[in-house]
Amino acid sequence: MNDGMTLWKERVNAYWNMAIRYLRLIGNSGFLFTVYVLIIIGSYYYSVFLDWLPQSFPAVWVFVAVFAHLLTRSGVRTFVKPADVVFLLPYESKLGAYFQASKWYSIGLQSGIILLALVVLSPLFSEYLAAEAGSLLLVFVLLIAAKGWNIIASFEEQRFQSESDRRSHFLLRGIINLVFTYLLFSGASLLFVLAIFVIMAGLYVMYYQKLAKKLSIKWDHLIEVEQEMLFFFYRIANAFTDVPQLRNKVRPRTYLKGFMPILIDSKKSVYHYLFVKSFIRANDYLGIYVRLVLIAAVILLALPTGWLQVVVLLLFMHMVTTQLSTLWYHYDTNMWVDLYPVEDTEKTGALTQLSFRLLLIMTSVLLGVLLASSSLLVAGGALILGGVYSYVGSHRLIHKRRKQ
């Protein structure tokens with residue numbers, strides 16, 4: 001291998017060709033419309049929330065917690081593959097440009113996340129911190145510089161064989177980032193902030209560079225980290241469409257088998273049994289469902305009493321319907337299922353029954369939240385509209401979603 005950059009560009013292009021296909025599906029999803037509506041609602045109540053906060057609110061600690069976390073968690077996307085431990089190991093000395101490009105790629109991508117967090121928190125910054133911390137643009141530049149140091153330090157830490165060594169260095173960077181962000185957002189003198197950068201530079205030159213010369217790359221660990229990052233994207237995409245790479249992830253969850261009679265009572269179709277089993281055990285269907293119900297409950301509690309709560313309930317029910325529609329494709333690549341002597345109408349009925357019961361369960365849980373936090377009129381409206389959506393969503397909308 002003469003040019004590591006050629007290989008890096010090929011892998012980045014292959015990844016983004018795949019990712020763009022999923023992003024298009026997400027963009028065309030009705031799920032995304034639900035997110036837009038929630039953002040609009042959230043932006044309004046965000047301003048109301050800011051007006052409600054007292055002048056003594058410790059906003060600096062909110063910024064320290066958020067940005068120290070974002071700085072410390074600085075994984076590097078290397079795009080390595082399991083076979084690289086065999087085929088690229090002999091060329092490790094020629095991959096300097098490859099890994100350097102990975103670091104710059106990670107800095108750029110994670111800088112975007114920091115920018116997004118700053119934009120979201122900018123009203124809070126202007127209200128509580130602008131007088132002491134100064135320009136938001138200068139804060140952003142300093143945060144990006146700190147992120148760059150964390151990225152290159154994090155990459156060198158992956159050379160340790162021991163997990164305890166990697167964790168101890170992660171903790172060290174966390175402490176440095178806590179001090180740095182506190183000085184940055186509390187309005188400390190710029191000299192103190194620059195002193196932290198001097199410490200970072202000294203650590204890199206006197207320690208991390210020597211670490212890179214002393215220890216070789218641990219390919220198995222780099223592959224494990226890369227797979228975790230890749231599957232994180234797959235799990236997000238799986239909320240909108242079926243992702244084949246996740247189909248083989250099965251968890252026993254025997255402790256949940258008692259819930260099966262609640263979700264199914266029909267034995268006439270094998271798909272009734274398969275869909276319930278897949279929902280409980282496969283991929284992250286159950287996890288996404290539970291998280292959406294819990295998030296909806298928290299938002300309903302936070303919102304003021306009114307019909308907006310019912311709108312939010314219906315929006316989250318639509319999210320669940322979108323997620324459940326991907327169950328239809330779960331067995332498409334399994335040839336053994338094709339051997340069952342069943343019609344597609346039975347498969348359709350199985351998906352309808354499961355989604356109908358899950359939507360009713362969701363309605364019941366959120367109805368309990370509304371009864372505890374809202375008026376009887378709103379709760380009654382939620383009961384009626386939630387029941388109607390449960391039927392329409394499971395008998396019609398979910399099947400329109402799977403045909404897209």
# chains A, B, ... in the order shown; residues from 1 in each chain; ligands from 1
call {"tool": "residues_around", "arguments": {"residues": "region 202-210 of chain A", "least_positions_apart": "5", "cutoff": "10 Å", "atoms": "only C-alpha atoms", "output": "compact mmCIF listing (two decimals) with C-alpha atoms, in the first residue's frame"}}
result
# COMPACT_ATOMS: atom_id res chain seq x y z
CA TRP A 149 -6.71 18.49 21.72
CA ASN A 150 -9.20 15.99 23.10
CA ILE A 152 -5.75 13.71 19.27
CA ALA A 153 -5.30 12.74 22.93
CA SER A 154 -8.21 10.31 22.77
CA PHE A 155 -6.74 8.61 19.71
CA GLU A 156 -3.39 8.05 21.41
CA GLU A 157 -5.17 6.64 24.48
CA ILE A 196 -5.02 25.57 30.39
CA PHE A 197 -4.11 25.45 26.69
CA LEU A 215 2.95 1.79 21.89
call {"tool": "residues_around", "arguments": {"residues": "Tyr91 (chain A)", "least_positions_apart": "4", "cutoff": "12 Å", "atoms": "only C-alpha atoms", "output": "MDAnalysis selection string"}}
result
chainID A and resid 1:4 84:87 95:96 98 217
call {"tool": "closest_residue", "arguments": {"among": "A:Trp8, A:Trp104, A:Phe140, A:Phe49", "to": "Phe67 (chain A)", "atoms": "only C-alpha atoms"}}
result
A:Phe140
call {"tool": "residues_around", "arguments": {"residues": "Ala145 (chain A)", "least_positions_apart": "6", "cutoff": "12 Å", "atoms": "only C-alpha atoms", "output": "list of chain:residue names"}}
result
A:Leu71, A:Ile107, A:Gly108, A:Gln110, A:Ser111, A:Ile114, A:Leu138, A:Val139, A:Ile151, A:Ile152, A:Asn177, A:Phe180, A:Val193, A:Leu194, A:Ile196, A:Phe197, A:Val198, A:Met200, A:Ala201
call {"tool": "closest_residue", "arguments": {"among": "A:Tyr45, A:Trp219, A:Phe231, A:Phe356", "to": "Asp284 (chain A)", "atoms": "only C-alpha atoms"}}
result
A:Phe231
call {"tool": "residues_around", "arguments": {"residues": "Val298 (chain A)", "least_positions_apart": "4", "cutoff": "12 Å", "atoms": "only C-alpha atoms", "output": "PyMOL selection string"}}
result
chain A and resi 291-294+302-303+309+312-313+316+365-366+369-370+373
call {"tool": "select_by_dssp", "arguments": {"residues": "region 176-241 of chain A", "states": "helix (DSSP H, G or I)", "output": "ChimeraX atom specification"}}
result
/A:176-185,190-214,219-238
call {"tool": "write_last_selection", "arguments": {"atoms": "C-alpha atoms", "output": "short mmCIF file (atom, residue, chain, number, x, y, z; two decimals), in the first residue's frame"}}
result
data_model
loop_
_atom_site.label_atom_id
_atom_site.label_comp_id
_atom_site.auth_asym_id
_atom_site.auth_seq_id
_atom_site.Cartn_x
_atom_site.Cartn_y
_atom_site.Cartn_z
CA ILE A 176 -8.99 19.23 32.63
CA ASN A 177 -12.13 19.92 30.60
CA LEU A 178 -14.15 20.70 33.72
CA VAL A 179 -11.59 23.27 34.83
CA PHE A 180 -11.33 24.70 31.31
CA THR A 181 -15.09 25.08 30.78
CA TYR A 182 -15.59 26.57 34.24
CA LEU A 183 -12.92 29.21 33.60
CA LEU A 184 -14.34 29.85 30.14
CA PHE A 185 -17.98 30.34 31.16
CA LEU A 190 -8.21 35.04 29.38
CA LEU A 191 -4.73 34.37 30.80
CA PHE A 192 -6.13 31.55 32.96
CA VAL A 193 -7.86 30.01 29.93
CA LEU A 194 -4.64 30.26 27.90
CA ALA A 195 -2.77 28.63 30.79
CA ILE A 196 -5.02 25.57 30.39
CA PHE A 197 -4.11 25.45 26.69
CA VAL A 198 -0.42 25.57 27.65
CA ILE A 199 -1.01 22.57 29.94
CA MET A 200 -2.81 20.74 27.11
CA ALA A 201 0.02 21.45 24.69
CA GLY A 202 2.62 20.36 27.25
CA LEU A 203 0.79 17.09 27.88
CA TYR A 204 0.62 16.37 24.17
CA VAL A 205 4.29 17.13 23.47
CA MET A 206 5.77 15.62 26.64
CA TYR A 207 3.43 12.64 27.05
CA TYR A 208 1.07 11.74 24.21
CA GLN A 209 3.67 12.01 21.43
CA LYS A 210 6.00 9.72 23.38
CA LEU A 211 3.06 7.39 23.95
CA ALA A 212 2.53 7.16 20.19
CA LYS A 213 6.19 6.21 19.65
CA LYS A 214 6.21 3.68 22.47
CA TRP A 219 -6.45 -2.87 16.04
CA ASP A 220 -8.99 -4.99 17.90
CA HIS A 221 -9.97 -2.06 20.10
CA LEU A 222 -10.12 0.41 17.18
CA ILE A 223 -12.43 -1.99 15.31
CA GLU A 224 -14.64 -2.36 18.39
CA VAL A 225 -14.92 1.43 18.81
CA GLU A 226 -15.69 1.90 15.10
CA GLN A 227 -18.40 -0.78 15.20
CA GLU A 228 -20.04 0.91 18.20
CA MET A 229 -20.13 4.25 16.36
CA LEU A 230 -21.49 2.64 13.19
CA PHE A 231 -24.23 0.77 15.03
CA PHE A 232 -25.21 3.96 16.85
CA PHE A 233 -26.12 5.44 13.45
CA TYR A 234 -27.89 2.22 12.45
CA ARG A 235 -30.04 2.34 15.58
CA ILE A 236 -31.09 5.91 14.77
CA ALA A 237 -31.93 4.97 11.18
CA ASN A 238 -33.80 1.90 12.40
#
call {"tool": "atom_distance", "arguments": {"atom1": "CA of Ala65 (chain A)", "atom2": "CA of Val48 (chain A)"}}
result
22.7 Å
call {"tool": "residues_around", "arguments": {"residues": "Gly306 (chain A)", "least_positions_apart": "4", "cutoff": "12 Å", "atoms": "only C-alpha atoms", "output": "PyMOL selection string"}}
result
chain A and resi 300-302+310-313+370+373-382
call {"tool": "atom_distance", "arguments": {"atom1": "CA of His69 (chain A)", "atom2": "CA of Met18 (chain A)"}}
result
29.1 Å
call {"tool": "closest_atom_pairs", "arguments": {"of": "region 264-311 of chain A", "to": "region 343-349 of chain A", "cutoff": "10 Å", "atoms": "only C-alpha atoms", "output": "tab-separated table"}}
result
residue	atom	partner	partner_atom	distance
A:Lys268	CA	A:Glu346	CA	8.3
A:Ser269	CA	A:Glu346	CA	6.1
A:Val270	CA	A:Lys347	CA	8.3
A:Tyr271	CA	A:Lys347	CA	5.6
A:His272	CA	A:Lys347	CA	7.5
A:Leu274	CA	A:Lys347	CA	9.8
A:Phe275	CA	A:Lys347	CA	9.0
call {"tool": "write_last_selection", "arguments": {"atoms": "C-alpha atoms", "output": "PDB file, in the first residue's frame"}}
result
ATOM      1  CA  LYS A 268     -54.148 -18.728  13.660  1.00  0.00           C
ATOM      2  CA  SER A 269     -51.049 -17.169  12.093  1.00  0.00           C
ATOM      3  CA  VAL A 270     -47.393 -17.816  12.745  1.00  0.00           C
ATOM      4  CA  TYR A 271     -46.747 -14.109  12.165  1.00  0.00           C
ATOM      5  CA  HIS A 272     -48.676 -13.182  15.293  1.00  0.00           C
ATOM      6  CA  LEU A 274     -43.090 -13.993  15.250  1.00  0.00           C
ATOM      7  CA  PHE A 275     -43.908 -10.284  15.341  1.00  0.00           C
TER       8      PHE A 275
END
call {"tool": "closest_residue", "arguments": {"among": "A:Leu314, A:Leu397, A:Leu118, A:Leu124", "to": "Leu136 (chain A)", "atoms": "only C-alpha atoms"}}
result
A:Leu118
call {"tool": "residues_around", "arguments": {"residues": "Ser106 (chain A)", "least_positions_apart": "5", "cutoff": "8 Å", "atoms": "only C-alpha atoms", "output": "list in words"}}
result
Gly75, Val76, Arg77 and Ile151 of chain A
call {"tool": "write_last_selection", "arguments": {"atoms": "N, CA and C atoms", "output": "compact mmCIF listing (two decimals), in the first residue's frame"}}
result
# COMPACT_ATOMS: atom_id res chain seq x y z
N GLY A 75 -14.49 10.40 20.62
CA GLY A 75 -14.12 9.23 19.83
C GLY A 75 -13.70 9.62 18.42
N VAL A 76 -12.83 8.83 17.83
CA VAL A 76 -12.30 9.10 16.49
C VAL A 76 -12.87 8.08 15.51
N ARG A 77 -13.54 8.56 14.46
CA ARG A 77 -14.05 7.69 13.40
C ARG A 77 -12.88 7.30 12.51
N ILE A 151 -9.44 15.24 20.80
CA ILE A 151 -9.49 14.23 19.74
C ILE A 151 -8.14 13.54 19.59
call {"tool": "closest_residue", "arguments": {"among": "A:Leu137, A:Leu359, A:Leu308, A:Leu327", "to": "Ile280 (chain A)", "atoms": "only C-alpha atoms"}}
result
A:Leu327
